[in-house]
Amino acid sequence: MHPVITLVVQRIALGLILLLAVSALIFFGVEALPGDTAQAMLGQSATPEALANLREKMGLNDPVVWRYLHWLYGFVTGDLGTSMTNGEDIAKSVGQRLGNTIFLAFWAAVISVPLAITLGLVAARYNGRWPDKLISGVTLATISLPEFVAGYIVLYFLAVKWQLFPAMSMVFPGMGVFERLQAIILPVIVLVMVVLAHMMRMTRAAILNVMQSAYIETAELKGLSPITVIWRHAFPNAIAPVVNVVMLNLAYLVVGVVVVEVVFVYPGMGQFLVDHVTKRDLPVVQACGMIFAAVYIGLNILADVVSILANPRLRHPK
Amino acid sequence: MRRIPLSALVGLILTGGFFFVAIFAQLIAPYKMDELVGGVWDPISAAHWLGTDSIGRDLLTRMIYGAQVTIFVATCSTILSFVTGSVLGFLAATAGGWVDQALSRFVDLVMAIPTLILSLVILTAVDVTTLNLILVMGFLDATRVFRLSRAVAVDITVMDYVEAARLRGERQGWIIFSEILPNALSPLVAELGLRFIFAVLFISTLSFLGLGVQPPLADWGGLVKENSAGLVYGIPAALAPAMAIAALAISVNLVADWVLSRTTSLKGGRGA
């Protein structure tokens, strides 16, 4: 078998094992914590009878390994169990919201990735001069802001002071694509701000790293213009690290959406997760946590696979 | 002693200022923390420098007490993460074998889940008290300190003086604290600032989500949450604590950058 395929298969298998371990951690970790789930849900004033009832209802009296296997089997087959607080089917409530979250993250990615790579190229081209310093300075400032601070600053100025965009990102089923896009402008701006800086700085670093190679000097001595040198010679060789950074930042978006959704009251997974943490609805939280972790790990695997495929040394072994 | 660069000086003064305010909050604050002194979201005036908050408490007073809560929680969890992370990291590096494997793989596992998501899952199961918050944040962040200190210590354990200590029959604890710790200190100190910033941002985010410090106490993230409803009506009260978080993060960052460049130059790296 081609060595690249072996590597890719190995990486995916490792990722699946990791995913299994994560599911065990999310399940048993909560189990092992001090404090009783039933007690936490009902509060300190709960009567012993109510506690016993709830334990029975949640199946807390079954052996823990059995419950884990049951939960895991349900997860694989798409049955996420039922919510403790309102008895609804979790998979059904999650489905719609997951779509909303992916919609938001998708547009944030579509805007931030090309923008970050372009800015990174420009910063590398004018390394050490004012465009580089300006871009680096601005991105450094956005790195220091937590997501919700960036969110409220954007909201206050763009939505309230200057009234350019709606302050709440309400979306509902049956809304047209254009209306949806208009509704998510502000959260997308904030998410782009949050991930842009890292992506741009790593792109810049990757390209500057390649620029020190001998073949770049040759290209410069041939008399190519700096932009052609970067575009034709430096960028193709920097693709592997750049793709890696892009993927890692997309994985970071997964976490960023949780906070941004709460700021803009956007009906997505993050908002859903936080609501149910407040209500101490453990089955919902475990299911959402597992979905977030799965997406995060999935993107990390994808990053590794792409960088394996993008590496010519691995594609054409001697 | 070289001159301290301007950016580091600004960072040091601001960081010092924040800590001063946090320590002496009870003496500095013009009003009591829970005292109702005005109307809802009164504008800025001579009596209330930042106006009043969502139920008429002095916002500046709330911010000063908020600094105390934020910095206290962040400092405690940073200390916790450093102590557990570095001790376990050094242990993994010196003991090697299955101890190293078990600890390292467990840390890999914990770091495979985004910290915010994992802490939300944990905070569903335990009571949200300040102590639990510090424990959760400290232990989750210890994974990062573990990786760094293990990486640093792995380089040191192969040094001759560690070998010599082993041959004279020193105990594991002595090797960790007397041989490895002093030599691993400078990269760890540089990391300290970054972990502190992370802790500040993290507790703020949790409180903002309503899962951090519980009322009547409030840290800056909680203050943003309390006052965020006013933003839509054009009342910028929530922006003041939000700015305070950003200012603290940036000023600690400036100091950390400076410490980092100093410690790399001490090791004979790119000096400047």
# chains A, B, ... in the order shown; residues from 1 in each chain; ligands from 1
$ residues_around --residues "Pro146 in chain A" --least-positions-apart "2" --cutoff "9 Å" --atoms "only C-alpha atoms" --output "PDB file with C-alpha atoms, in the first residue's frame"
ATOM      1  CA  THR A 142      -7.878  41.710  18.777  1.00  0.00           C
ATOM      2  CA  ILE A 143      -6.065  38.686  20.265  1.00  0.00           C
ATOM      3  CA  SER A 144      -6.209  40.282  23.712  1.00  0.00           C
ATOM      4  CA  PHE A 148     -17.734  38.537  24.472  1.00  0.00           C
ATOM      5  CA  VAL A 149     -15.896  41.833  24.915  1.00  0.00           C
ATOM      6  CA  ALA A 150     -15.302  42.026  21.157  1.00  0.00           C
ATOM      7  CA  GLY A 151     -18.948  41.072  20.692  1.00  0.00           C
ATOM      8  CA  VAL A 194     -11.402  36.425  16.905  1.00  0.00           C
TER       9      VAL A 194
ATOM     10  CA  LEU B 201     -10.222  35.662  30.287  1.00  0.00           C
ATOM     11  CA  PHE B 202     -11.586  32.281  31.287  1.00  0.00           C
ATOM     12  CA  SER B 204     -14.632  36.380  32.810  1.00  0.00           C
ATOM     13  CA  THR B 205     -16.113  34.221  30.067  1.00  0.00           C
ATOM     14  CA  ALA B 242     -15.323  44.804  29.306  1.00  0.00           C
ATOM     15  CA  ILE B 245     -10.716  42.906  31.193  1.00  0.00           C
ATOM     16  CA  ALA B 246      -9.013  43.842  27.931  1.00  0.00           C
TER      17      ALA B 246
END
$ closest_atom_pairs --of "chain A" --to "chain B" --cutoff "6 Å" --atoms "only C-alpha atoms" --output "JSON lines"
{"residue": "A:Thr37", "atom": "CA", "partner": "B:Ala125", "partner_atom": "CA", "distance": 5.9}
{"residue": "A:Ser144", "atom": "CA", "partner": "B:Ile250", "partner_atom": "CA", "distance": 6.0}
{"residue": "A:Leu145", "atom": "CA", "partner": "B:Ala246", "partner_atom": "CA", "distance": 5.4}
{"residue": "A:Val149", "atom": "CA", "partner": "B:Ala242", "partner_atom": "CA", "distance": 5.3}
{"residue": "A:Val160", "atom": "CA", "partner": "B:Gly234", "partner_atom": "CA", "distance": 5.9}
{"residue": "A:Val277", "atom": "CA", "partner": "B:Thr124", "partner_atom": "CA", "distance": 5.2}
{"residue": "A:Arg280", "atom": "CA", "partner": "B:Thr124", "partner_atom": "CA", "distance": 5.0}
{"residue": "A:Gly289", "atom": "CA", "partner": "B:Ile117", "partner_atom": "CA", "distance": 5.9}
{"residue": "A:Ala293", "atom": "CA", "partner": "B:Ile113", "partner_atom": "CA", "distance": 5.3}
$ residues_around --residues "Leu60 in chain B" --least-positions-apart "6" --cutoff "12 Å" --atoms "only C-alpha atoms" --output "list in words"
Val21, Ala25, Ile28, Ala29, Pro30, Tyr31, Lys32, Met33, Val37, Ile44, Ser45, Ala46, Ala47, His48, Trp49, Leu50, Gly51, Thr52, Asp53, Gly66, Ala67, Trp220, Leu223, Ala237, Ala238, Ala240, Pro241 and Ala244 of chain B
$ select_by_dssp --residues "range 28-83 of chain B" --states "alpha helix (DSSP H)" --output "list in words"
Ile28, Leu59, Leu60, Thr61, Arg62, Met63, Ile64, Tyr65, Gly66, Ala67, Gln68, Val69, Thr70, Ile71, Phe72, Val73, Ala74, Thr75, Cys76, Ser77, Thr78, Ile79, Leu80, Ser81, Phe82 and Val83 of chain B
$ write_last_selection --atoms "N, CA and C atoms" --output "PDB file, in the first residue's frame"
ATOM      1  N   ILE B  28     -10.514  51.690  48.921  1.00  0.00           N
ATOM      2  CA  ILE B  28     -10.593  52.637  47.812  1.00  0.00           C
ATOM      3  C   ILE B  28     -12.039  52.913  47.405  1.00  0.00           C
ATOM      4  N   LEU B  59     -21.256  52.114  39.727  1.00  0.00           N
ATOM      5  CA  LEU B  59     -20.538  51.192  38.843  1.00  0.00           C
ATOM      6  C   LEU B  59     -19.048  51.133  39.162  1.00  0.00           C
ATOM      7  N   LEU B  60     -18.456  52.299  39.530  1.00  0.00           N
ATOM      8  CA  LEU B  60     -17.029  52.306  39.845  1.00  0.00           C
ATOM      9  C   LEU B  60     -16.748  51.397  41.041  1.00  0.00           C
ATOM     10  N   THR B  61     -17.620  51.481  42.068  1.00  0.00           N
ATOM     11  CA  THR B  61     -17.454  50.621  43.233  1.00  0.00           C
ATOM     12  C   THR B  61     -17.537  49.153  42.834  1.00  0.00           C
ATOM     13  N   ARG B  62     -18.530  48.836  42.006  1.00  0.00           N
ATOM     14  CA  ARG B  62     -18.689  47.451  41.549  1.00  0.00           C
ATOM     15  C   ARG B  62     -17.446  46.978  40.789  1.00  0.00           C
ATOM     16  N   MET B  63     -16.891  47.903  39.974  1.00  0.00           N
ATOM     17  CA  MET B  63     -15.697  47.555  39.194  1.00  0.00           C
ATOM     18  C   MET B  63     -14.519  47.275  40.114  1.00  0.00           C
ATOM     19  N   ILE B  64     -14.383  48.101  41.188  1.00  0.00           N
ATOM     20  CA  ILE B  64     -13.247  47.936  42.093  1.00  0.00           C
ATOM     21  C   ILE B  64     -13.352  46.603  42.831  1.00  0.00           C
ATOM     22  N   TYR B  65     -14.567  46.273  43.320  1.00  0.00           N
ATOM     23  CA  TYR B  65     -14.757  44.967  43.943  1.00  0.00           C
ATOM     24  C   TYR B  65     -14.609  43.852  42.913  1.00  0.00           C
ATOM     25  N   GLY B  66     -15.058  44.139  41.686  1.00  0.00           N
ATOM     26  CA  GLY B  66     -14.928  43.156  40.610  1.00  0.00           C
ATOM     27  C   GLY B  66     -13.474  42.837  40.333  1.00  0.00           C
ATOM     28  N   ALA B  67     -12.605  43.865  40.392  1.00  0.00           N
ATOM     29  CA  ALA B  67     -11.173  43.645  40.192  1.00  0.00           C
ATOM     30  C   ALA B  67     -10.665  42.668  41.240  1.00  0.00           C
ATOM     31  N   GLN B  68     -11.135  42.863  42.493  1.00  0.00           N
ATOM     32  CA  GLN B  68     -10.688  41.983  43.569  1.00  0.00           C
ATOM     33  C   GLN B  68     -11.082  40.531  43.291  1.00  0.00           C
ATOM     34  N   VAL B  69     -12.347  40.330  42.901  1.00  0.00           N
ATOM     35  CA  VAL B  69     -12.818  38.967  42.650  1.00  0.00           C
ATOM     36  C   VAL B  69     -12.077  38.358  41.462  1.00  0.00           C
ATOM     37  N   THR B  70     -12.021  39.115  40.347  1.00  0.00           N
ATOM     38  CA  THR B  70     -11.378  38.586  39.135  1.00  0.00           C
ATOM     39  C   THR B  70      -9.941  38.198  39.421  1.00  0.00           C
ATOM     40  N   ILE B  71      -9.183  39.127  40.030  1.00  0.00           N
ATOM     41  CA  ILE B  71      -7.760  38.880  40.236  1.00  0.00           C
ATOM     42  C   ILE B  71      -7.536  37.792  41.274  1.00  0.00           C
ATOM     43  N   PHE B  72      -8.393  37.744  42.305  1.00  0.00           N
ATOM     44  CA  PHE B  72      -8.254  36.693  43.310  1.00  0.00           C
ATOM     45  C   PHE B  72      -8.451  35.314  42.683  1.00  0.00           C
ATOM     46  N   VAL B  73      -9.546  35.149  41.938  1.00  0.00           N
ATOM     47  CA  VAL B  73      -9.831  33.839  41.332  1.00  0.00           C
ATOM     48  C   VAL B  73      -8.736  33.468  40.336  1.00  0.00           C
ATOM     49  N   ALA B  74      -8.337  34.438  39.502  1.00  0.00           N
ATOM     50  CA  ALA B  74      -7.328  34.139  38.485  1.00  0.00           C
ATOM     51  C   ALA B  74      -5.996  33.780  39.139  1.00  0.00           C
ATOM     52  N   THR B  75      -5.617  34.509  40.202  1.00  0.00           N
ATOM     53  CA  THR B  75      -4.346  34.228  40.862  1.00  0.00           C
ATOM     54  C   THR B  75      -4.360  32.851  41.506  1.00  0.00           C
ATOM     55  N   CYS B  76      -5.434  32.545  42.229  1.00  0.00           N
ATOM     56  CA  CYS B  76      -5.514  31.235  42.885  1.00  0.00           C
ATOM     57  C   CYS B  76      -5.428  30.114  41.860  1.00  0.00           C
ATOM     58  N   SER B  77      -6.187  30.238  40.757  1.00  0.00           N
ATOM     59  CA  SER B  77      -6.188  29.120  39.816  1.00  0.00           C
ATOM     60  C   SER B  77      -4.853  29.034  39.091  1.00  0.00           C
ATOM     61  N   THR B  78      -4.182  30.184  38.864  1.00  0.00           N
ATOM     62  CA  THR B  78      -2.862  30.130  38.244  1.00  0.00           C
ATOM     63  C   THR B  78      -1.868  29.415  39.155  1.00  0.00           C
ATOM     64  N   ILE B  79      -1.919  29.747  40.459  1.00  0.00           N
ATOM     65  CA  ILE B  79      -1.005  29.094  41.401  1.00  0.00           C
ATOM     66  C   ILE B  79      -1.265  27.593  41.414  1.00  0.00           C
ATOM     67  N   LEU B  80      -2.562  27.233  41.478  1.00  0.00           N
ATOM     68  CA  LEU B  80      -2.921  25.811  41.503  1.00  0.00           C
ATOM     69  C   LEU B  80      -2.419  25.104  40.254  1.00  0.00           C
ATOM     70  N   SER B  81      -2.650  25.733  39.090  1.00  0.00           N
ATOM     71  CA  SER B  81      -2.258  25.053  37.852  1.00  0.00           C
ATOM     72  C   SER B  81      -0.750  24.947  37.767  1.00  0.00           C
ATOM     73  N   PHE B  82      -0.028  25.953  38.287  1.00  0.00           N
ATOM     74  CA  PHE B  82       1.426  25.885  38.233  1.00  0.00           C
ATOM     75  C   PHE B  82       1.980  24.824  39.144  1.00  0.00           C
ATOM     76  N   VAL B  83       1.450  24.768  40.370  1.00  0.00           N
ATOM     77  CA  VAL B  83       1.982  23.793  41.321  1.00  0.00           C
ATOM     78  C   VAL B  83       1.715  22.382  40.825  1.00  0.00           C
TER      79      VAL B  83
END
$ residues_around --residues "range 118-120 of chain A" --least-positions-apart "3" --cutoff "6 Å" --atoms "only C-alpha atoms" --output "ChimeraX atom specification"
/A:115,123,200,203-204
$ write_last_selection --atoms "C-alpha atoms" --output "short mmCIF file (atom, residue, chain, number, x, y, z; two decimals), in the first residue's frame"
data_model
loop_
_atom_site.label_atom_id
_atom_site.label_comp_id
_atom_site.auth_asym_id
_atom_site.auth_seq_id
_atom_site.Cartn_x
_atom_site.Cartn_y
_atom_site.Cartn_z
CA LEU A 115 -8.80 37.44 4.34
CA ALA A 123 2.44 41.42 5.83
CA MET A 200 -2.82 35.81 9.75
CA THR A 203 0.53 32.55 7.66
CA ARG A 204 3.00 35.40 7.88
#
$ select_by_dssp --residues "range 34-188 of chain B" --states "strand (DSSP E or B)" --output "list in words"
Leu36, Thr52, Arg57 and Asp58 of chain B
$ closest_residue --among "B:Ala165, B:Leu254, B:Leu185, B:Val145" --to "Val10 in chain B" --atoms "only C-alpha atoms"
B:Leu254
$ residues_around --residues "Met202 in chain A" --least-positions-apart "2" --cutoff "9 Å" --atoms "only C-alpha atoms" --output "PyMOL selection string"
chain A and resi 120+197-200+204-207+241-242+245
